[in-house]
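Colleague: Hey, dropping query_39.txt in here, compact mmCIF, C-alpha atoms:
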```txt
# COMPACT_ATOMS: atom_id res chain seq x y z
CA MET A 23 0.00 0.00 0.00
CA LYS A 24 2.63 2.52 -1.06
CA GLU A 25 1.53 5.67 -2.85
CA LYS A 26 3.21 8.95 -3.56
CA ASN A 27 1.57 12.21 -2.43
CA ALA A 28 -1.68 10.51 -1.49
CA TYR A 29 -1.50 11.23 2.21
CA ILE A 30 0.97 13.09 4.39
CA LEU A 31 1.50 10.08 6.69
CA GLY A 32 1.52 7.58 3.84
CA THR A 33 -0.89 4.73 3.07
CA GLU A 34 1.16 1.76 4.22
CA LEU A 35 -0.28 -0.96 6.42
CA SER A 36 1.10 0.69 9.57
CA GLU A 37 -0.80 3.88 8.75
CA LEU A 38 -3.96 1.92 8.00
CA HIS A 39 -3.76 0.40 11.48
CA ARG A 40 -3.00 3.82 13.02
CA LEU A 41 -6.08 5.29 11.37
CA GLY A 42 -8.15 2.43 12.73
CA TYR A 43 -6.91 3.14 16.22
CA GLN A 44 -7.44 6.87 15.74
CA HIS A 45 -11.04 6.18 14.79
CA GLN A 46 -11.58 4.32 18.05
CA VAL A 47 -10.38 7.41 19.92
CA TRP A 48 -12.65 9.76 17.98
CA SER A 49 -15.63 7.57 17.03
CA SER A 50 -17.82 8.77 19.91
CA GLU A 51 -17.30 12.38 18.82
CA ALA A 52 -18.23 11.49 15.25
CA ARG A 53 -21.42 9.75 16.35
CA LYS A 54 -22.39 12.69 18.56
CA ALA A 55 -21.98 15.02 15.58
CA TRP A 56 -24.10 12.75 13.38
CA GLU A 57 -26.84 12.81 16.02
CA ILE A 58 -26.79 16.61 16.09
CA ALA A 59 -26.92 16.65 12.29
CA GLU A 60 -29.75 14.07 12.33
CA PHE A 61 -28.08 11.82 9.78
CA SER A 62 -30.59 9.04 9.22
CA TYR A 63 -32.02 6.20 7.15
CA GLY A 64 -32.51 6.80 3.44
CA GLN A 65 -30.21 9.80 3.18
CA THR A 66 -27.36 10.42 0.76
CA ILE A 67 -24.27 11.44 2.72
CA LEU A 68 -20.85 12.46 1.44
CA ASP A 69 -17.83 11.30 3.46
CA LEU A 70 -15.24 13.85 2.38
CA GLY A 71 -11.68 12.60 2.69
CA CYS A 72 -12.87 9.20 3.86
CA GLY A 73 -9.46 7.49 4.02
CA PRO A 74 -9.90 3.71 4.47
CA GLY A 75 -13.53 4.25 5.42
CA PHE A 76 -13.88 3.61 9.14
CA CYS A 77 -16.50 6.37 9.38
CA THR A 78 -17.92 5.46 5.97
CA VAL A 79 -18.93 1.99 7.10
CA GLU A 80 -20.74 3.36 10.15
CA LEU A 81 -22.50 5.92 7.99
CA GLY A 82 -23.42 3.12 5.60
CA TYR A 83 -25.32 1.36 8.35
CA ILE A 84 -27.02 4.63 9.33
CA VAL A 85 -28.37 5.37 5.84
CA GLY A 86 -29.38 1.76 5.24
CA ASP A 87 -30.51 0.04 2.07
CA GLU A 88 -32.44 3.05 0.79
CA GLY A 89 -29.64 5.54 1.36
CA LYS A 90 -26.13 5.94 0.00
CA VAL A 91 -22.71 7.06 1.21
CA ILE A 92 -20.40 8.69 -1.32
CA ALA A 93 -16.84 8.16 -0.09
CA VAL A 94 -14.24 10.49 -1.60
CA ASP A 95 -10.48 10.22 -1.19
CA LYS A 96 -7.38 10.70 -3.34
CA SER A 97 -5.80 7.49 -2.06
CA LYS A 98 -6.67 4.57 -4.33
CA ALA A 99 -5.09 2.17 -1.85
CA PHE A 100 -7.43 3.27 0.92
CA LEU A 101 -10.45 3.17 -1.37
CA ASP A 102 -9.53 -0.35 -2.50
CA TYR A 103 -9.55 -1.35 1.16
CA LEU A 104 -12.95 0.32 1.62
CA ASP A 105 -14.34 -1.42 -1.46
CA LYS A 106 -13.43 -4.77 0.10
CA LEU A 107 -15.17 -3.78 3.34
CA ASN A 108 -18.21 -2.69 1.39
CA GLU A 109 -18.31 -5.98 -0.47
CA SER A 110 -18.14 -7.89 2.82
CA TYR A 111 -20.80 -5.83 4.57
CA ALA A 112 -23.06 -5.37 1.52
CA LEU A 113 -23.57 -1.67 2.19
CA ASN A 114 -24.56 1.01 -0.30
CA ILE A 115 -21.22 2.82 -0.55
CA GLU A 116 -19.95 4.49 -3.69
CA THR A 117 -16.22 5.23 -3.72
CA CYS A 118 -14.71 8.08 -5.70
CA ASN A 119 -10.95 8.34 -6.21
CA THR A 120 -10.37 12.05 -6.79
CA ASP A 121 -9.40 15.27 -5.09
CA PHE A 122 -12.04 17.68 -3.88
CA THR A 123 -11.92 19.88 -6.98
CA ASN A 124 -13.26 17.16 -9.31
CA LEU A 125 -16.20 15.66 -7.43
CA GLY A 126 -18.70 16.08 -10.25
CA LEU A 127 -21.69 16.11 -7.91
CA GLU A 128 -25.08 17.25 -9.14
CA ASP A 129 -26.84 20.18 -7.49
CA ASP A 130 -29.25 19.36 -4.63
CA CYS A 131 -28.17 15.72 -4.35
CA LEU A 132 -26.82 15.51 -0.78
CA ASP A 133 -28.60 15.27 2.56
CA GLY A 134 -25.41 15.49 4.57
CA ILE A 135 -21.64 15.90 4.47
CA TYR A 136 -19.11 14.70 7.00
CA SER A 137 -15.43 15.64 7.05
CA ARG A 138 -12.74 15.10 9.66
CA TRP A 139 -9.25 16.52 9.05
CA ALA A 140 -10.10 16.91 5.35
CA LEU A 141 -10.23 20.67 4.78
CA ALA A 142 -6.86 21.31 6.47
CA TRP A 143 -4.88 19.76 3.63
CA ILE A 144 -6.26 21.69 0.66
CA LYS A 145 -5.38 25.17 -0.54
CA ASN A 146 -8.94 26.21 -1.36
CA PRO A 147 -11.35 25.16 1.42
CA GLU A 148 -13.57 28.17 0.68
CA GLU A 149 -14.10 27.14 -2.95
CA THR A 150 -14.54 23.49 -2.00
CA VAL A 151 -17.23 24.24 0.59
CA GLN A 152 -18.97 26.62 -1.83
CA ARG A 153 -19.18 23.89 -4.47
CA LEU A 154 -20.35 21.36 -1.90
CA ALA A 155 -23.03 23.75 -0.68
CA GLU A 156 -24.46 23.80 -4.20
CA SER A 157 -24.74 20.00 -4.03
CA MET A 158 -26.63 20.13 -0.72
CA ARG A 159 -30.41 19.97 -0.66
CA SER A 160 -32.37 22.48 1.40
CA GLY A 161 -32.11 21.26 4.98
CA ALA A 162 -28.93 19.28 4.33
CA VAL A 163 -26.28 19.44 7.05
CA PHE A 164 -22.49 19.79 6.83
CA VAL A 165 -20.43 18.45 9.75
CA ALA A 166 -16.76 19.44 9.90
CA GLN A 167 -14.22 18.50 12.58
CA GLU A 168 -10.85 20.19 12.17
CA TYR A 169 -7.85 21.33 14.17
CA PHE A 170 -8.29 24.76 15.77
CA ASP A 171 -4.80 25.10 17.24
CA TRP A 172 -2.36 22.27 16.62
CA SER A 173 0.32 24.08 18.66
CA THR A 174 -1.50 23.19 21.89
CA PHE A 175 0.03 19.69 21.60
CA GLN A 176 2.33 19.38 24.61
CA ALA A 177 3.54 17.05 27.34
CA VAL A 178 4.04 17.56 31.06
CA PRO A 179 6.65 17.12 32.46
CA HIS A 180 8.44 18.99 29.71
CA ARG A 181 11.02 17.21 27.62
CA PRO A 182 13.11 19.56 25.38
CA ALA A 183 13.85 16.84 22.80
CA LEU A 184 10.15 16.03 22.43
CA GLU A 185 9.18 19.68 22.30
CA LYS A 186 11.68 20.21 19.50
CA GLY A 187 10.14 17.30 17.62
CA ILE A 188 6.61 18.64 18.03
CA LYS A 189 7.68 22.08 16.80
CA SER A 190 9.33 20.47 13.78
CA ILE A 191 6.14 18.56 12.97
CA LEU A 192 4.11 21.75 13.16
CA ARG A 193 6.59 23.52 10.90
CA SER A 194 6.28 20.70 8.38
CA PHE A 195 2.49 21.05 8.50
CA LYS A 196 2.65 24.83 8.07
CA GLU A 197 4.74 24.38 4.94
CA GLN A 198 2.25 21.95 3.40
CA GLU A 199 -0.56 23.02 1.10
CA GLY A 200 -3.50 24.18 3.19
CA ASP A 201 -3.89 25.37 6.78
CA ILE A 202 -3.56 22.87 9.62
CA ASP A 203 -5.61 25.23 11.84
CA VAL A 204 -8.44 25.68 9.34
CA GLY A 205 -10.90 25.11 12.18
CA ARG A 206 -10.48 28.76 13.13
CA ASP A 207 -12.08 29.76 9.83
CA LEU A 208 -14.85 27.14 9.56
CA SER A 209 -17.69 29.38 10.70
CA LYS A 210 -16.63 32.09 8.24
CA ILE A 211 -16.22 29.57 5.41
CA PHE A 212 -19.68 28.10 6.02
CA TYR A 213 -21.30 31.53 6.34
CA GLU A 214 -19.79 32.71 3.04
CA ALA A 215 -21.10 29.53 1.36
CA GLY A 216 -24.64 30.42 2.44
CA LEU A 217 -24.87 27.89 5.26
CA GLU A 218 -26.24 28.58 8.74
CA ILE A 219 -24.33 27.43 11.82
CA ILE A 220 -26.47 25.27 14.11
CA SER A 221 -23.80 23.92 16.47
CA THR A 222 -20.18 24.45 17.50
CA ARG A 223 -18.24 22.29 19.93
CA PRO A 224 -14.62 22.31 21.09
CA LEU A 225 -12.99 18.88 20.87
CA THR A 226 -10.02 18.09 23.07
CA LYS A 227 -8.24 14.96 24.21
CA TYR A 228 -6.27 14.69 27.43
CA ALA A 229 -4.05 11.61 27.71
CA LEU A 230 -2.50 9.72 30.59
CA PRO A 231 -0.06 6.82 30.15
CA GLY A 232 -1.84 3.60 29.29
CA ASP A 233 -5.27 5.02 28.51
CA LEU A 234 -6.98 4.90 25.11
CA ASN A 235 -6.09 8.49 24.24
CA TRP A 236 -2.38 7.99 24.98
CA TYR A 237 -1.76 5.78 21.99
CA TRP A 238 -3.26 8.31 19.58
CA PRO A 239 -0.27 10.71 19.78
CA LYS A 240 2.13 7.80 20.34
CA THR A 241 1.23 6.01 17.11
CA PHE A 242 1.24 9.30 15.21
CA LEU A 243 4.71 10.27 16.43
CA ASN A 244 6.17 6.84 15.70
CA ILE A 245 4.97 6.95 12.09
CA TYR A 246 5.33 10.60 11.15
CA MET A 247 8.42 11.76 13.00
CA PRO A 248 10.87 9.48 11.07
CA LYS A 249 9.62 11.11 7.86
CA LEU A 250 11.03 14.44 9.08
CA GLU A 251 14.60 13.27 8.47
CA GLN A 252 14.09 12.77 4.74
CA ALA A 253 12.23 16.09 4.55
CA GLY A 254 15.14 17.88 6.24
CA TYR A 255 13.33 19.07 9.38
CA MET A 256 15.26 16.94 11.89
CA THR A 257 18.32 14.72 12.02
CA LYS A 258 18.06 11.01 12.76
CA SER A 259 19.55 11.49 16.22
CA GLU A 260 17.13 14.32 17.03
CA ILE A 261 14.22 12.11 16.02
CA GLU A 262 15.51 9.23 18.14
CA ASP A 263 15.92 11.57 21.12
CA ALA A 264 12.37 12.91 20.70
CA LEU A 265 10.83 9.44 20.48
CA ASP A 266 12.90 8.23 23.43
CA ALA A 267 11.68 11.21 25.44
CA PHE A 268 8.06 10.36 24.67
CA GLU A 269 8.65 6.72 25.52
CA GLY A 270 10.17 7.74 28.84
CA LEU A 271 7.08 9.72 29.78
CA GLU A 272 5.10 6.50 30.00
CA TYR A 273 6.98 5.62 33.19
CA HIS A 274 6.10 8.81 35.06
CA ASN A 275 2.93 8.94 37.14
CA ASP A 276 2.72 12.71 36.77
CA THR A 277 2.70 12.66 32.95
CA VAL A 278 -0.04 14.44 31.03
CA ILE A 279 -0.42 14.87 27.26
CA PHE A 280 -2.67 17.62 25.94
CA CYS A 281 -3.45 16.72 22.32
CA PRO A 282 -3.92 19.29 19.54
CA SER A 283 -7.17 21.18 20.08
CA MET A 284 -9.99 20.80 17.57
CA ILE A 285 -13.36 22.32 16.84
CA GLU A 286 -16.55 20.90 15.39
CA VAL A 287 -18.79 23.16 13.34
CA ILE A 288 -22.16 21.98 12.03
CA ALA A 289 -24.10 24.01 9.48
CA VAL A 290 -27.36 23.61 7.59
CA LYS A 291 -28.37 24.78 4.14
CA PRO A 292 -31.52 26.95 4.48
```
Translate this file's structure into structure tokens.
Modeller:
Amino acid sequence: MKEKNAYILGTELSELHRLGYQHQVWSSEARKAWEIAEFSYGQTILDLGCGPGFCTVELGYIVGDEGKVIAVDKSKAFLDYLDKLNESYALNIETCNTDFTNLGLEDDCLDGIYSRWALAWIKNPEETVQRLAESMRSGAVFVAQEYFDWSTFQAVPHRPALEKGIKSILRSFKEQEGDIDVGRDLSKIFYEAGLEIISTRPLTKYALPGDLNWYWPKTFLNIYMPKLEQAGYMTKSEIEDALDAFEGLEYHNDTVIFCPSMIEVIAVKP
């Protein structure tokens, strides 16, 4: 499962497993958002930036036999995995291997849209949301969950080597296409697309060694941080020191991880 430029963390098997774990950490927040949005049986819902489809499958059960989930991602490897899941579960899921500028959706065809960490990686979220709004029926709901301030990611007690690694990761994100903190602009983006905000909710995760949340940043750091050497952000020894520092935190009873802060914004088309 090796692709170039499909996903910042790659699409190898290790990343597939990391995304599965990540979904376990965030699945309750996704379901809460879908309840607020009143996603339901018979609807057509777009899963924007679906990845390997962990949310897509759950949405497929929600919309049932008379509904449909359109799953969009630029990773063919992830969509191939989702197609196999769909075949096994016999759900009504349509996969679309494209970026967000070439969706080809008809006007007034969607009852709902869900995106999680999808708008942060594109250079034109305003244009994308505007086009998607045209594809939403009256009363359709758009749910977006994005980072609000990635720089809040920190560990206590402080470890200089780890802090250097986290700052290097953020710098690599800032130099990517898009805005990692696009959550700050979601309300404005939705408003300019003609959508009305019906709910906002801060989303934060606080991790202690050994709990479910702890392994979310741990698995991310173990996969992404080694990529910083090839990209020129850190040396191999700096990366090893940062990962060793994180590993050492697991043996301290006073350790706390505050994960990057997020926001959920839900908007309806009048």
Colleague: Quick one, how far is atom CA of A:Tyr273 from atom CA of A:Lys189?
Modeller: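 If I compute the distance from atom CA of A:Tyr273 to atom CA of A:Lys189, I get 23.2 Å.
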Colleague: Measuring atom to atom with only C-alpha atoms, identify which of A:Ser190, A:Thr257, A:Gln167, A:Thr241 is nearest to A:Ala142.
Modeller: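 The shortest atom-to-atom distance to A:Ala142 comes from A:Gln167.
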Colleague: Just the residues within 7 Å of A:Thr78, please, counting all atoms listed in the file, with nothing from its chain fewer than 2 positions along; format it as a list in words.
Modeller: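 Counting only the stated atoms, we get Asp69, Cys72, Gly75, Phe76, Glu80, Leu81, Gly82, Val91 and Ala93 of chain A.
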Colleague: Nearest residue to A:Tyr213 out of A:Asp133, A:Glu262, A:Glu148, A:Asp105, using all atoms listed in the file?
Modeller: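 Counting all atoms listed in the file, the residue closest to A:Tyr213 is A:Glu148.
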Colleague: For each of A:Lys54, A:Lys96, A:His274, A:Lys249, take the minimum atom-to-atom distance to A:Glu286, counting all atoms listed in the file, then give the residue where this is smallest.
Modeller: A:Lys54
Colleague: Which is closest to A:Lys145 among A:Ala166, A:Val204, A:Pro179, A:Thr117, if we use all atoms listed in the file?
Modeller: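 Using all atoms listed in the file, the shortest distance to A:Lys145 belongs to A:Val204.
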Colleague: Which residues, protein or nucleic acid, reach to within 7 Å of (-33.9, 25.2, 0.8) in the file's coordinates when using all atoms listed in the file, and can you give that as an NGL selection string?
Modeller: :A and (159-161 or 291-292)
Colleague: With C-alpha atoms retained, could you export that selection as an mmCIF file, in the coordinates of the input?
Modeller:
```cif
data_model
loop_
_atom_site.group_PDB
_atom_site.id
_atom_site.type_symbol
_atom_site.label_atom_id
_atom_site.label_comp_id
_atom_site.auth_asym_id
_atom_site.auth_seq_id
_atom_site.Cartn_x
_atom_site.Cartn_y
_atom_site.Cartn_z
ATOM 1 C CA ARG A 159 -30.410 19.970 -0.660
ATOM 2 C CA SER A 160 -32.370 22.480 1.400
ATOM 3 C CA GLY A 161 -32.110 21.260 4.980
ATOM 4 C CA LYS A 291 -28.370 24.780 4.140
ATOM 5 C CA PRO A 292 -31.520 26.950 4.480
#
```
Colleague: Do a neighbour search on A:Arg206 at 10 Å with all atoms listed in the file, toss out local chain neighbours closer than 6 positions, and write the hits as a list in words.
Modeller: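 With the cut-off at 10 Å, the set is Glu168, Tyr169, Phe170, Asp171, Met284 and Ile285 of chain A.
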Colleague: Between atom CA of A:Arg153 and atom CA of A:Ser50, what is the distance, to one decimal in Å?
Modeller: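 About the pair atom CA of A:Arg153 and atom CA of A:Ser50: they are 28.7 Å apart.
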Colleague: Which residue out of A:Val165, A:Pro147, A:Arg40, A:Ser157 has the minimum interatomic distance to A:Ile219 when only C-alpha atoms are used?
Modeller: A:Val165
Colleague: Please return stretch 145-167 of chain A, rebuilt to N, CA and C atoms, as a PDB file, in the frame of the given file.
Modeller:
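Output contents, as saved in result28.pdb:
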```
ATOM      1  N   LYS A 145      -5.691  23.747  -0.474  1.00  0.00           N
ATOM      2  CA  LYS A 145      -5.380  25.170  -0.540  1.00  0.00           C
ATOM      3  C   LYS A 145      -6.618  26.041  -0.714  1.00  0.00           C
ATOM      4  N   ASN A 146      -7.748  25.413  -1.041  1.00  0.00           N
ATOM      5  CA  ASN A 146      -8.940  26.210  -1.360  1.00  0.00           C
ATOM      6  C   ASN A 146     -10.183  25.717  -0.623  1.00  0.00           C
ATOM      7  N   PRO A 147     -10.167  25.661   0.717  1.00  0.00           N
ATOM      8  CA  PRO A 147     -11.350  25.160   1.420  1.00  0.00           C
ATOM      9  C   PRO A 147     -12.597  25.998   1.158  1.00  0.00           C
ATOM     10  N   GLU A 148     -12.414  27.308   0.946  1.00  0.00           N
ATOM     11  CA  GLU A 148     -13.570  28.170   0.680  1.00  0.00           C
ATOM     12  C   GLU A 148     -14.279  27.749  -0.611  1.00  0.00           C
ATOM     13  N   GLU A 149     -13.500  27.542  -1.679  1.00  0.00           N
ATOM     14  CA  GLU A 149     -14.100  27.140  -2.950  1.00  0.00           C
ATOM     15  C   GLU A 149     -14.705  25.744  -2.859  1.00  0.00           C
ATOM     16  N   THR A 150     -14.032  24.853  -2.145  1.00  0.00           N
ATOM     17  CA  THR A 150     -14.540  23.490  -2.000  1.00  0.00           C
ATOM     18  C   THR A 150     -15.875  23.480  -1.281  1.00  0.00           C
ATOM     19  N   VAL A 151     -15.974  24.202  -0.164  1.00  0.00           N
ATOM     20  CA  VAL A 151     -17.230  24.240   0.590  1.00  0.00           C
ATOM     21  C   VAL A 151     -18.328  24.925  -0.228  1.00  0.00           C
ATOM     22  N   GLN A 152     -17.977  25.949  -0.991  1.00  0.00           N
ATOM     23  CA  GLN A 152     -18.970  26.620  -1.830  1.00  0.00           C
ATOM     24  C   GLN A 152     -19.555  25.649  -2.859  1.00  0.00           C
ATOM     25  N   ARG A 153     -18.697  24.866  -3.490  1.00  0.00           N
ATOM     26  CA  ARG A 153     -19.180  23.890  -4.470  1.00  0.00           C
ATOM     27  C   ARG A 153     -20.025  22.818  -3.792  1.00  0.00           C
ATOM     28  N   LEU A 154     -19.592  22.381  -2.622  1.00  0.00           N
ATOM     29  CA  LEU A 154     -20.350  21.360  -1.900  1.00  0.00           C
ATOM     30  C   LEU A 154     -21.705  21.894  -1.460  1.00  0.00           C
ATOM     31  N   ALA A 155     -21.757  23.155  -1.088  1.00  0.00           N
ATOM     32  CA  ALA A 155     -23.030  23.750  -0.680  1.00  0.00           C
ATOM     33  C   ALA A 155     -24.050  23.718  -1.814  1.00  0.00           C
ATOM     34  N   GLU A 156     -23.567  23.861  -3.037  1.00  0.00           N
ATOM     35  CA  GLU A 156     -24.460  23.800  -4.200  1.00  0.00           C
ATOM     36  C   GLU A 156     -25.015  22.386  -4.392  1.00  0.00           C
ATOM     37  N   SER A 157     -24.293  21.380  -3.898  1.00  0.00           N
ATOM     38  CA  SER A 157     -24.740  20.000  -4.030  1.00  0.00           C
ATOM     39  C   SER A 157     -25.646  19.569  -2.873  1.00  0.00           C
ATOM     40  N   MET A 158     -25.790  20.448  -1.876  1.00  0.00           N
ATOM     41  CA  MET A 158     -26.630  20.130  -0.720  1.00  0.00           C
ATOM     42  C   MET A 158     -28.083  20.523  -0.976  1.00  0.00           C
ATOM     43  N   ARG A 159     -28.997  19.638  -0.588  1.00  0.00           N
ATOM     44  CA  ARG A 159     -30.410  19.970  -0.660  1.00  0.00           C
ATOM     45  C   ARG A 159     -30.761  20.968   0.444  1.00  0.00           C
ATOM     46  N   SER A 160     -31.887  21.629   0.316  1.00  0.00           N
ATOM     47  CA  SER A 160     -32.370  22.480   1.400  1.00  0.00           C
ATOM     48  C   SER A 160     -32.587  21.622   2.637  1.00  0.00           C
ATOM     49  N   GLY A 161     -32.020  22.042   3.748  1.00  0.00           N
ATOM     50  CA  GLY A 161     -32.110  21.260   4.980  1.00  0.00           C
ATOM     51  C   GLY A 161     -30.961  20.304   5.186  1.00  0.00           C
ATOM     52  N   ALA A 162     -30.090  20.159   4.192  1.00  0.00           N
ATOM     53  CA  ALA A 162     -28.930  19.280   4.330  1.00  0.00           C
ATOM     54  C   ALA A 162     -27.937  19.885   5.327  1.00  0.00           C
ATOM     55  N   VAL A 163     -27.163  19.012   5.972  1.00  0.00           N
ATOM     56  CA  VAL A 163     -26.280  19.440   7.050  1.00  0.00           C
ATOM     57  C   VAL A 163     -24.836  19.057   6.762  1.00  0.00           C
ATOM     58  N   PHE A 164     -23.928  19.987   7.017  1.00  0.00           N
ATOM     59  CA  PHE A 164     -22.490  19.790   6.830  1.00  0.00           C
ATOM     60  C   PHE A 164     -21.852  19.735   8.211  1.00  0.00           C
ATOM     61  N   VAL A 165     -21.162  18.626   8.499  1.00  0.00           N
ATOM     62  CA  VAL A 165     -20.430  18.450   9.750  1.00  0.00           C
ATOM     63  C   VAL A 165     -18.939  18.466   9.452  1.00  0.00           C
ATOM     64  N   ALA A 166     -18.208  19.378  10.085  1.00  0.00           N
ATOM     65  CA  ALA A 166     -16.760  19.440   9.900  1.00  0.00           C
ATOM     66  C   ALA A 166     -16.066  19.410  11.254  1.00  0.00           C
ATOM     67  N   GLN A 167     -15.048  18.576  11.380  1.00  0.00           N
ATOM     68  CA  GLN A 167     -14.220  18.500  12.580  1.00  0.00           C
ATOM     69  C   GLN A 167     -12.775  18.708  12.155  1.00  0.00           C
TER      70      GLN A 167
END
```
